[in-house]
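structure-v5.cif (mmCIF, C-alpha atoms) appears below.
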data_query
loop_
_atom_site.group_PDB
_atom_site.id
_atom_site.type_symbol
_atom_site.label_atom_id
_atom_site.label_comp_id
_atom_site.auth_asym_id
_atom_site.auth_seq_id
_atom_site.Cartn_x
_atom_site.Cartn_y
_atom_site.Cartn_z
ATOM 1 C CA MET A 1 -40.586 -233.322 71.080
ATOM 2 C CA GLU A 2 -43.277 -232.297 68.613
ATOM 3 C CA LYS A 3 -42.428 -229.338 66.365
ATOM 4 C CA LYS A 4 -44.790 -226.376 66.405
ATOM 5 C CA LYS A 5 -46.437 -225.718 63.059
ATOM 6 C CA LEU A 6 -46.897 -222.240 61.644
ATOM 7 C CA THR A 7 -50.567 -221.427 61.154
ATOM 8 C CA TRP A 8 -51.927 -218.914 58.661
ATOM 9 C CA TRP A 9 -52.773 -216.348 61.332
ATOM 10 C CA LYS A 10 -49.213 -216.572 62.707
ATOM 11 C CA ILE A 11 -47.734 -215.997 59.230
ATOM 12 C CA ILE A 12 -50.041 -212.997 58.664
ATOM 13 C CA GLY A 13 -49.099 -211.623 62.090
ATOM 14 C CA ILE A 14 -45.385 -211.911 61.287
ATOM 15 C CA LEU A 15 -45.840 -210.153 57.908
ATOM 16 C CA VAL A 16 -47.792 -207.305 59.557
ATOM 17 C CA LEU A 17 -45.290 -206.819 62.383
ATOM 18 C CA LEU A 18 -42.124 -207.273 60.263
ATOM 19 C CA PRO A 19 -41.902 -203.620 59.017
ATOM 20 C CA PHE A 20 -42.271 -202.312 62.586
ATOM 21 C CA ILE A 21 -39.589 -204.716 63.839
ATOM 22 C CA ILE A 22 -37.194 -203.571 61.100
ATOM 23 C CA MET A 23 -37.911 -199.906 61.861
ATOM 24 C CA TYR A 24 -37.324 -200.580 65.565
ATOM 25 C CA PHE A 25 -33.860 -202.035 64.965
ATOM 26 C CA ILE A 26 -32.963 -199.240 62.508
ATOM 27 C CA PHE A 27 -33.855 -196.513 65.030
ATOM 28 C CA LYS A 28 -32.180 -198.532 67.789
ATOM 29 C CA TYR A 29 -28.840 -198.631 65.948
ATOM 30 C CA ILE A 30 -29.138 -194.953 64.924
ATOM 31 C CA TYR A 31 -29.707 -194.046 68.548
ATOM 32 C CA LYS A 32 -26.716 -196.174 69.635
ATOM 33 C CA PHE A 33 -24.578 -194.584 66.919
ATOM 34 C CA TYR A 34 -25.311 -191.024 68.087
ATOM 35 C CA LYS A 35 -24.894 -191.983 71.758
ATOM 36 C CA SER A 36 -21.649 -193.846 71.101
ATOM 37 C CA GLU A 37 -18.365 -192.302 72.300
ATOM 38 C CA LYS A 38 -16.314 -194.087 69.628
ATOM 39 C CA PHE A 39 -16.950 -191.181 67.208
ATOM 40 C CA ASN A 40 -16.718 -187.492 67.908
ATOM 41 C CA LYS A 41 -19.387 -185.030 66.842
ATOM 42 C CA LYS A 42 -17.633 -184.071 63.575
ATOM 43 C CA GLN A 43 -17.217 -187.718 62.571
ATOM 44 C CA LYS A 44 -20.851 -188.435 63.285
ATOM 45 C CA ILE A 45 -21.904 -185.510 61.085
ATOM 46 C CA LEU A 46 -19.645 -186.692 58.230
ATOM 47 C CA ILE A 47 -20.910 -190.293 58.461
ATOM 48 C CA SER A 48 -24.538 -189.104 58.544
ATOM 49 C CA ALA A 49 -23.925 -186.890 55.509
ATOM 50 C CA ALA A 50 -22.274 -189.765 53.632
ATOM 51 C CA VAL A 51 -25.229 -192.078 54.384
ATOM 52 C CA PHE A 52 -27.665 -189.383 53.262
ATOM 53 C CA VAL A 53 -25.759 -188.803 50.007
ATOM 54 C CA GLY A 54 -25.624 -192.576 49.428
ATOM 55 C CA ILE A 55 -29.402 -192.846 49.845
ATOM 56 C CA CYS A 56 -29.899 -189.917 47.446
ATOM 57 C CA LEU A 57 -27.572 -191.514 44.888
ATOM 58 C CA LEU A 58 -29.486 -194.783 45.117
ATOM 59 C CA GLY A 59 -32.724 -192.844 44.475
ATOM 60 C CA VAL A 60 -31.201 -191.062 41.467
ATOM 61 C CA ILE A 61 -29.804 -194.311 40.042
ATOM 62 C CA SER A 62 -33.180 -196.023 40.545
ATOM 63 C CA SER A 63 -34.976 -193.135 38.819
ATOM 64 C CA ILE A 64 -32.547 -193.193 35.887
ATOM 65 C CA THR A 65 -32.824 -196.937 35.393
ATOM 66 C CA ARG A 66 -36.639 -196.745 35.460
ATOM 67 C CA GLY A 67 -36.605 -194.255 32.622
ATOM 68 C CA PRO A 68 -39.127 -191.463 31.999
ATOM 69 C CA GLU A 69 -42.852 -191.843 32.632
ATOM 70 C CA LEU A 70 -44.920 -193.308 29.825
ATOM 71 C CA GLU A 71 -47.117 -190.645 28.178
ATOM 72 C CA SER A 72 -48.897 -192.476 25.362
ATOM 73 C CA VAL A 73 -48.909 -195.733 23.433
ATOM 74 C CA SER A 74 -50.364 -196.717 20.068
ATOM 75 C CA ILE A 75 -50.587 -200.019 18.233
ATOM 76 C CA ASP A 76 -51.110 -200.325 14.477
ATOM 77 C CA ASN A 77 -53.902 -202.417 12.999
ATOM 78 C CA ILE A 78 -52.788 -205.973 12.286
ATOM 79 C CA GLU A 79 -53.644 -208.417 9.500
ATOM 80 C CA LEU A 80 -52.543 -212.047 9.461
ATOM 81 C CA TYR A 81 -53.660 -215.464 8.324
ATOM 82 C CA LYS A 82 -55.303 -218.102 10.475
ATOM 83 C CA GLY A 83 -52.635 -220.070 12.366
ATOM 84 C CA GLU A 84 -50.015 -217.301 12.145
ATOM 85 C CA SER A 85 -48.423 -215.636 15.172
ATOM 86 C CA LYS A 86 -47.007 -212.137 15.531
ATOM 87 C CA LYS A 87 -45.396 -210.087 18.273
ATOM 88 C CA ILE A 88 -47.074 -206.797 19.097
ATOM 89 C CA ASP A 89 -45.062 -203.656 18.370
ATOM 90 C CA PHE A 90 -45.720 -200.867 20.889
ATOM 91 C CA ASN A 91 -45.308 -197.295 19.624
ATOM 92 C CA ILE A 92 -44.577 -195.495 22.903
ATOM 93 C CA THR A 93 -43.949 -191.884 23.848
ATOM 94 C CA PRO A 94 -41.310 -191.164 25.021
ATOM 95 C CA ASP A 95 -39.569 -193.987 23.191
ATOM 96 C CA ASP A 96 -37.114 -194.623 26.069
ATOM 97 C CA ALA A 97 -39.869 -195.252 28.630
ATOM 98 C CA ASN A 98 -39.794 -198.695 30.217
ATOM 99 C CA ILE A 99 -42.910 -200.897 30.039
ATOM 100 C CA ASP A 100 -43.321 -202.952 33.197
ATOM 101 C CA SER A 101 -46.470 -204.932 32.301
ATOM 102 C CA TYR A 102 -49.316 -205.016 29.787
ATOM 103 C CA THR A 103 -52.745 -206.642 29.432
ATOM 104 C CA PHE A 104 -54.848 -207.080 26.281
ATOM 105 C CA LYS A 105 -58.575 -206.560 26.759
ATOM 106 C CA ASP A 106 -61.972 -206.381 25.027
ATOM 107 C CA TYR A 107 -61.213 -208.769 22.146
ATOM 108 C CA ASP A 108 -62.982 -211.823 20.737
ATOM 109 C CA HIS A 109 -61.265 -214.857 22.256
ATOM 110 C CA GLU A 110 -62.550 -217.092 19.457
ATOM 111 C CA ILE A 111 -60.728 -215.062 16.786
ATOM 112 C CA ILE A 112 -57.364 -214.412 18.465
ATOM 113 C CA SER A 113 -55.366 -215.293 21.561
ATOM 114 C CA PHE A 114 -52.434 -213.664 23.388
ATOM 115 C CA GLU A 115 -49.479 -215.198 25.180
ATOM 116 C CA ASP A 116 -47.442 -212.342 26.676
ATOM 117 C CA ASN A 117 -47.209 -209.987 23.650
ATOM 118 C CA LYS A 118 -47.454 -212.787 21.089
ATOM 119 C CA LEU A 119 -50.675 -212.712 19.064
ATOM 120 C CA THR A 120 -52.001 -215.931 17.476
ATOM 121 C CA ALA A 121 -54.812 -216.038 14.867
ATOM 122 C CA LEU A 122 -57.416 -218.707 15.649
ATOM 123 C CA LYS A 123 -60.390 -218.025 13.365
ATOM 124 C CA SER A 124 -61.257 -215.765 10.444
ATOM 125 C CA GLY A 125 -62.867 -212.476 11.412
ATOM 126 C CA THR A 126 -62.136 -209.017 12.785
ATOM 127 C CA THR A 127 -61.950 -207.972 16.412
ATOM 128 C CA GLU A 128 -61.016 -204.799 18.257
ATOM 129 C CA VAL A 129 -58.377 -204.831 21.008
ATOM 130 C CA VAL A 130 -57.288 -202.430 23.755
ATOM 131 C CA CYS A 131 -53.998 -202.797 25.616
ATOM 132 C CA GLU A 132 -53.500 -201.500 29.153
ATOM 133 C CA LEU A 133 -49.846 -200.869 30.042
ATOM 134 C CA ALA A 134 -48.013 -199.992 33.236
ATOM 135 C CA ASP A 135 -44.596 -198.324 33.189
ATOM 136 C CA ALA A 136 -41.741 -198.691 35.677
ATOM 137 C CA HIS A 137 -43.280 -195.851 37.724
ATOM 138 C CA SER A 138 -46.514 -197.890 38.159
ATOM 139 C CA ASN A 139 -48.429 -195.446 35.981
ATOM 140 C CA LYS A 140 -51.179 -197.117 33.928
ATOM 141 C CA ILE A 141 -52.188 -196.015 30.451
ATOM 142 C CA LYS A 142 -54.422 -197.460 27.723
ATOM 143 C CA SER A 143 -53.520 -197.774 24.074
ATOM 144 C CA ASN A 144 -55.712 -196.818 21.162
ATOM 145 C CA THR A 145 -58.340 -199.334 20.038
ATOM 146 C CA PHE A 146 -56.695 -201.271 17.234
ATOM 147 C CA LYS A 147 -58.154 -203.877 14.894
ATOM 148 C CA VAL A 148 -56.934 -207.386 14.264
ATOM 149 C CA THR A 149 -58.146 -208.988 11.039
ATOM 150 C CA VAL A 150 -57.658 -212.702 10.496
ATOM 151 C CA ASN A 151 -57.852 -213.860 6.873
ATOM 152 C CA LEU A 152 -57.849 -217.310 5.312
ATOM 153 C CA THR A 153 -55.482 -218.672 2.718
ATOM 154 C CA GLU A 154 -56.950 -220.241 -0.429
ATOM 155 C CA GLU A 155 -56.205 -223.664 0.994
ATOM 156 C CA GLN A 156 -57.952 -222.778 4.270
ATOM 157 C CA ILE A 157 -60.966 -221.378 2.371
ATOM 158 C CA ALA A 158 -61.264 -224.628 0.401
ATOM 159 C CA GLU A 159 -60.957 -226.626 3.626
ATOM 160 C CA GLU A 160 -63.652 -224.569 5.388
ATOM 161 C CA ASN A 161 -65.959 -224.815 2.364
ATOM 162 C CA ALA A 162 -65.525 -228.595 2.411
ATOM 163 C CA LYS A 163 -66.304 -228.685 6.134
ATOM 164 C CA ALA A 164 -69.353 -226.459 5.612
ATOM 165 C CA ALA A 165 -70.615 -228.709 2.799
ATOM 166 C CA GLU A 166 -70.055 -231.794 4.956
ATOM 167 C CA LYS A 167 -71.891 -230.153 7.860
ATOM 168 C CA ALA A 168 -74.799 -229.109 5.600
ATOM 169 C CA ALA A 169 -75.055 -232.652 4.189
ATOM 170 C CA LYS A 170 -75.039 -234.121 7.681
ATOM 171 C CA GLU A 171 -77.699 -231.666 8.871
ATOM 172 C CA ALA A 172 -79.835 -232.447 5.786
ATOM 173 C CA GLU A 173 -79.440 -236.179 6.450
ATOM 174 C CA GLU A 174 -80.436 -235.730 10.094
ATOM 175 C CA ALA A 175 -83.390 -233.535 9.078
ATOM 176 C CA ALA A 176 -84.562 -236.146 6.558
ATOM 177 C CA LYS A 177 -84.190 -238.884 9.163
ATOM 178 C CA LYS A 178 -86.147 -236.852 11.692
ATOM 179 C CA ALA A 179 -88.862 -236.083 9.124
ATOM 180 C CA ALA A 180 -89.099 -239.781 8.261
ATOM 181 C CA GLU A 181 -89.440 -240.695 11.942
ATOM 182 C CA GLU A 182 -92.118 -238.042 12.439
ATOM 183 C CA GLN A 183 -93.957 -239.257 9.312
ATOM 184 C CA LYS A 184 -93.802 -242.815 10.627
ATOM 185 C CA LYS A 185 -95.236 -241.732 13.968
ATOM 186 C CA LEU A 186 -97.953 -239.781 12.145
ATOM 187 C CA GLU A 187 -98.855 -242.817 10.018
ATOM 188 C CA GLU A 188 -99.067 -244.951 13.152
ATOM 189 C CA LYS A 189 -101.261 -242.343 14.809
ATOM 190 C CA ARG A 190 -103.536 -242.206 11.741
ATOM 191 C CA ASN A 191 -104.090 -245.961 11.906
ATOM 192 C CA THR A 192 -104.214 -246.714 15.641
ATOM 193 C CA ILE A 193 -106.621 -245.656 18.365
ATOM 194 C CA SER A 194 -105.299 -244.883 21.812
ATOM 195 C CA THR A 195 -107.343 -245.600 24.936
ATOM 196 C CA SER A 196 -107.945 -241.897 25.612
ATOM 197 C CA GLU A 197 -108.967 -241.317 21.992
ATOM 198 C CA ALA A 198 -111.339 -244.332 22.087
ATOM 199 C CA THR A 199 -112.948 -242.954 25.246
ATOM 200 C CA SER A 200 -113.543 -239.582 23.580
ATOM 201 C CA ILE A 201 -114.922 -241.243 20.423
ATOM 202 C CA LYS A 202 -117.274 -243.380 22.539
ATOM 203 C CA GLN A 203 -118.726 -240.306 24.230
ATOM 204 C CA TYR A 204 -119.031 -238.484 20.885
ATOM 205 C CA CYS A 205 -120.976 -241.428 19.420
ATOM 206 C CA LYS A 206 -123.237 -241.620 22.481
ATOM 207 C CA ASP A 207 -124.096 -237.921 22.071
ATOM 208 C CA ILE A 208 -125.017 -238.519 18.409
ATOM 209 C CA ILE A 209 -127.206 -241.540 19.219
ATOM 210 C CA ASP A 210 -128.837 -239.751 22.184
ATOM 211 C CA SER A 211 -129.943 -237.017 19.760
ATOM 212 C CA ILE A 212 -131.684 -239.699 17.636
ATOM 213 C CA LEU A 213 -133.387 -241.669 20.440
ATOM 214 C CA LYS A 214 -136.984 -241.028 21.455
ATOM 215 C CA ALA A 215 -136.111 -241.461 25.145
ATOM 216 C CA PRO A 216 -132.364 -240.831 25.571
ATOM 217 C CA SER A 217 -132.650 -240.866 29.364
ATOM 218 C CA THR A 218 -133.444 -244.608 29.168
ATOM 219 C CA ALA A 219 -130.429 -245.421 26.994
ATOM 220 C CA GLU A 220 -128.071 -248.132 28.155
ATOM 221 C CA TYR A 221 -124.821 -248.567 26.225
ATOM 222 C CA PRO A 222 -122.372 -251.479 26.468
ATOM 223 C CA GLY A 223 -119.203 -251.245 28.509
ATOM 224 C CA GLY A 224 -118.755 -251.535 32.219
ATOM 225 C CA TRP A 225 -116.493 -250.328 34.990
ATOM 226 C CA LEU A 226 -113.892 -253.024 34.397
ATOM 227 C CA ASP A 227 -113.936 -252.689 30.577
ATOM 228 C CA PRO A 228 -115.511 -249.385 29.440
ATOM 229 C CA LEU A 229 -114.934 -250.253 25.754
ATOM 230 C CA GLU A 230 -116.534 -253.693 25.854
ATOM 231 C CA GLY A 231 -119.075 -253.951 23.026
ATOM 232 C CA TRP A 232 -117.565 -251.020 21.144
ATOM 233 C CA ASN A 233 -115.841 -252.072 17.922
ATOM 234 C CA MET A 234 -113.533 -249.387 16.553
ATOM 235 C CA THR A 235 -111.154 -249.406 13.603
ATOM 236 C CA LYS A 236 -109.036 -246.595 12.236
ATOM 237 C CA ASN A 237 -107.728 -246.344 8.675
ATOM 238 C CA ASN A 238 -105.884 -243.194 7.622
ATOM 239 C CA ASN A 239 -107.752 -241.129 10.248
ATOM 240 C CA LEU A 240 -111.159 -242.540 9.300
ATOM 241 C CA VAL A 241 -112.650 -244.173 12.411
ATOM 242 C CA THR A 242 -115.485 -246.677 12.016
ATOM 243 C CA VAL A 243 -117.498 -247.432 15.167
ATOM 244 C CA SER A 244 -120.117 -250.152 15.530
ATOM 245 C CA SER A 245 -122.072 -250.808 18.734
ATOM 246 C CA TYR A 246 -125.626 -250.919 20.134
ATOM 247 C CA VAL A 247 -127.929 -249.205 22.580
ATOM 248 C CA ASP A 248 -130.885 -250.429 24.665
ATOM 249 C CA ALA A 249 -133.535 -247.723 24.976
ATOM 250 C CA GLN A 250 -137.294 -247.239 25.022
ATOM 251 C CA ASN A 251 -139.066 -246.545 21.743
ATOM 252 C CA SER A 252 -142.092 -244.294 21.289
ATOM 253 C CA PHE A 253 -144.336 -247.066 22.720
ATOM 254 C CA GLY A 254 -142.280 -247.382 25.907
ATOM 255 C CA ALA A 255 -140.780 -250.744 24.987
ATOM 256 C CA GLN A 256 -137.071 -251.318 25.758
ATOM 257 C CA ILE A 257 -135.481 -252.426 22.487
ATOM 258 C CA ARG A 258 -131.927 -252.885 21.239
ATOM 259 C CA SER A 259 -130.758 -250.892 18.228
ATOM 260 C CA GLU A 260 -127.444 -251.308 16.471
ATOM 261 C CA PHE A 261 -125.612 -248.362 14.963
ATOM 262 C CA ILE A 262 -122.576 -247.582 12.790
ATOM 263 C CA ILE A 263 -120.812 -244.230 12.865
ATOM 264 C CA GLN A 264 -117.815 -243.077 10.803
ATOM 265 C CA ILE A 265 -115.735 -240.143 12.015
ATOM 266 C CA GLN A 266 -113.144 -238.310 9.921
ATOM 267 C CA MET A 267 -110.363 -237.445 12.390
ATOM 268 C CA GLN A 268 -107.747 -234.720 12.050
ATOM 269 C CA ASP A 269 -104.094 -234.965 13.073
ATOM 270 C CA ASP A 270 -104.749 -232.588 15.973
ATOM 271 C CA GLY A 271 -107.237 -235.071 17.500
ATOM 272 C CA THR A 272 -110.467 -233.324 16.469
ATOM 273 C CA GLY A 273 -113.041 -235.058 14.284
ATOM 274 C CA LYS A 274 -116.504 -234.944 12.760
ATOM 275 C CA ALA A 275 -119.041 -237.665 11.938
ATOM 276 C CA THR A 276 -119.339 -238.267 8.175
ATOM 277 C CA TYR A 277 -121.722 -241.241 8.298
ATOM 278 C CA VAL A 278 -124.410 -242.307 10.777
ATOM 279 C CA GLN A 279 -126.535 -245.467 10.475
ATOM 280 C CA PHE A 280 -129.055 -246.282 13.208
ATOM 281 C CA ASP A 281 -131.086 -249.463 13.416
ATOM 282 C CA GLY A 282 -130.383 -250.241 9.741
ATOM 283 C CA GLU A 283 -131.388 -246.754 8.542
ATOM 284 C CA VAL A 284 -128.859 -244.234 7.145
ATOM 285 C CA ILE A 285 -129.310 -241.016 9.088
ATOM 286 C CA SER A 286 -126.600 -238.996 7.303
ATOM 287 C CA GLY A 287 -123.578 -239.253 5.052
ATOM 288 C CA THR A 288 -122.163 -242.019 2.868
ATOM 289 C CA TYR A 289 -120.324 -245.058 4.172
ATOM 290 C CA GLN A 290 -116.669 -245.208 3.129
#

Could you express the structure from this file as structure tokens?
Amino acid sequence: MEKKKLTWWKIIGILVLLPFIIMYFIFKYIYKFYKSEKFNKKQKILISAAVFVGICLLGVISSITRGPELESVSIDNIELYKGESKKIDFNITPDDANIDSYTFKDYDHEIISFEDNKLTALKSGTTEVVCELADAHSNKIKSNTFKVTVNLTEEQIAEENAKAAEKAAKEAEEAAKKAAEEQKKLEEKRNTISTSEATSIKQYCKDIIDSILKAPSTAEYPGGWLDPLEGWNMTKNNNLVTVSSYVDAQNSFGAQIRSEFIIQIQMQDDGTGKATYVQFDGEVISGTYQ
């Protein structure tokens, strides 16, 4: 036969109904006691009085063992070295009050840590702490805000200085390596022409030559759909771009002739540039060839 398993809702139902079941049986036996003929009326009164006194005594004993209610608590400022541990001393009023639980709050977890009431220093620095306590009467009270200062020994200071120097050297090495890589990339950029850059340079040169031509609307430059840069020779040396190509266009007599040209452009690292030399059909239009 398969055993029935207790589900969560059954457990919750039992816990909710349990106090009522207990109260039912208590009142049931009280009722039976007073209806019973085994005891006379005087005996019943004496037994009831004894039970009442016993309950009162239990209450008094419980109150005495719990002690008086906690009125105030203070904790002195604490100084210790990194790695040290110290138990917290509570200055409570009244001094015979019983502390049931306590929680430390609002402190820097990187500087200190708590395990029960044992404080451990983790890192140099100062942090403020507040402790919330509960006494045996379930009354909650907060302590004063006290400071915990963690210092370093001379040996620890020397060790941290060594670590800091090592970290600084490593960061400087990484920075130098990164700067060298960026410089290398910059040098490559200053001496190579990307496809997008070549396309922009081609259009820039065409605009310059169009401004020189007698009939720019008749101009035909090299380069087709499959290879737009065909017939365009470009070199780049330390951001100086030299372009040589040709154009077929009508002259002032209406004849379609081919003219060769050379243009030098001084580029900037941001990708902008300006023509410093223009030669058209063997004639220097502007600038000096470099």

(message) For Ala275 (chain A), find every residue with an atom within 8 Å (counting only C-alpha atoms), except residues of its own chain fewer than 4 positions away, and show them as an MDAnalysis selection string.
(response) chainID A and resid 263:266

For the structure provided, state which residues fall under the PyMOL selection byres ((chain A and resi 256) around 12), and present them as a PDB file with C-alpha atoms, keeping the file's coordinate frame.
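Final output, saved to expr-v3.pdb:
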ATOM      1  CA  LEU A 213    -133.387-241.669  20.440  1.00  0.00           C
ATOM      2  CA  LYS A 214    -136.984-241.028  21.455  1.00  0.00           C
ATOM      3  CA  ALA A 215    -136.111-241.461  25.145  1.00  0.00           C
ATOM      4  CA  PRO A 216    -132.364-240.831  25.571  1.00  0.00           C
ATOM      5  CA  SER A 217    -132.650-240.866  29.364  1.00  0.00           C
ATOM      6  CA  THR A 218    -133.444-244.608  29.168  1.00  0.00           C
ATOM      7  CA  ALA A 219    -130.429-245.421  26.994  1.00  0.00           C
ATOM      8  CA  GLU A 220    -128.071-248.132  28.155  1.00  0.00           C
ATOM      9  CA  VAL A 247    -127.929-249.205  22.580  1.00  0.00           C
ATOM     10  CA  ASP A 248    -130.885-250.429  24.665  1.00  0.00           C
ATOM     11  CA  ALA A 249    -133.535-247.723  24.976  1.00  0.00           C
ATOM     12  CA  GLN A 250    -137.294-247.239  25.022  1.00  0.00           C
ATOM     13  CA  ASN A 251    -139.066-246.545  21.743  1.00  0.00           C
ATOM     14  CA  SER A 252    -142.092-244.294  21.289  1.00  0.00           C
ATOM     15  CA  PHE A 253    -144.336-247.066  22.720  1.00  0.00           C
ATOM     16  CA  GLY A 254    -142.280-247.382  25.907  1.00  0.00           C
ATOM     17  CA  ALA A 255    -140.780-250.744  24.987  1.00  0.00           C
ATOM     18  CA  ILE A 257    -135.481-252.426  22.487  1.00  0.00           C
ATOM     19  CA  ARG A 258    -131.927-252.885  21.239  1.00  0.00           C
ATOM     20  CA  SER A 259    -130.758-250.892  18.228  1.00  0.00           C
TER      21      SER A 259
END

(request) Using CA of His109 (chain A) and CA of Ser72 (chain A) as the two end points, give the distance in Å to one decimal. (result)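 Result for CA of His109 (chain A) versus CA of Ser72 (chain A): 25.8 Å, one decimal.
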
(request) For region 179-193 of chain A, please output as an MDAnalysis selection string all residues within 10 Å (counting all atoms listed in the file; exclusion window: fewer than 4 positions along the same chain). (result) chainID A and resid 173:175 197:199 201 234:241 267:269 271

(request) In Å, rounded to a single decimal, give me how far CA of Asp135 (chain A) is from CA of Glu115 (chain A). (result)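 Interatomic distance here is 19.3 Å.
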
Each side padded by 6 Å, which centre and which edge lengths in Å (one decimal) define the axis-aligned box around the listed atoms of region 248-259 of chain A? Give them as lines of an AutoDock Vina configuration file.
center_x = -137.5
center_y = -248.6
center_z = 22.1
size_x = 25.6
size_y = 20.6
size_z = 19.7

(request) Could you tell me which residues the PyMOL selection byres ((chain A and resi 146-152) around 9) grabs in this file, written as an NGL selection string? (result) :A and (74-82 or 111-112 or 121-131 or 143-145 or 153-157)

(request) Rounded to one decimal place, report the CA of Ser245 (chain A)-CA of Trp232 (chain A) distance in Å. (result)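 These atoms are spaced 5.1 Å apart.
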
(request) Could you tell me which of A:Asp270, A:Glu71, A:Glu160, A:Asp207 comes closest to Thr93 (chain A) if we count all atoms listed in the file? (result) A:Glu71

(request) Considering all atoms listed in the file, state which residue in the set A:Asn161, A:Ser101, A:Thr288, A:Ser196 is at the smallest distance from Ile141 (chain A). (result)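 Of the candidates, the smallest distance to Ile141 (chain A) is held by A:Ser101.
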
(request) For each of A:Ile45, A:Ile14, A:Ile212, A:Val73, take the minimum atom-to-atom distance to Ala134 (chain A), counting all atoms listed in the file, then give the residue where this is smallest. (result) A:Val73
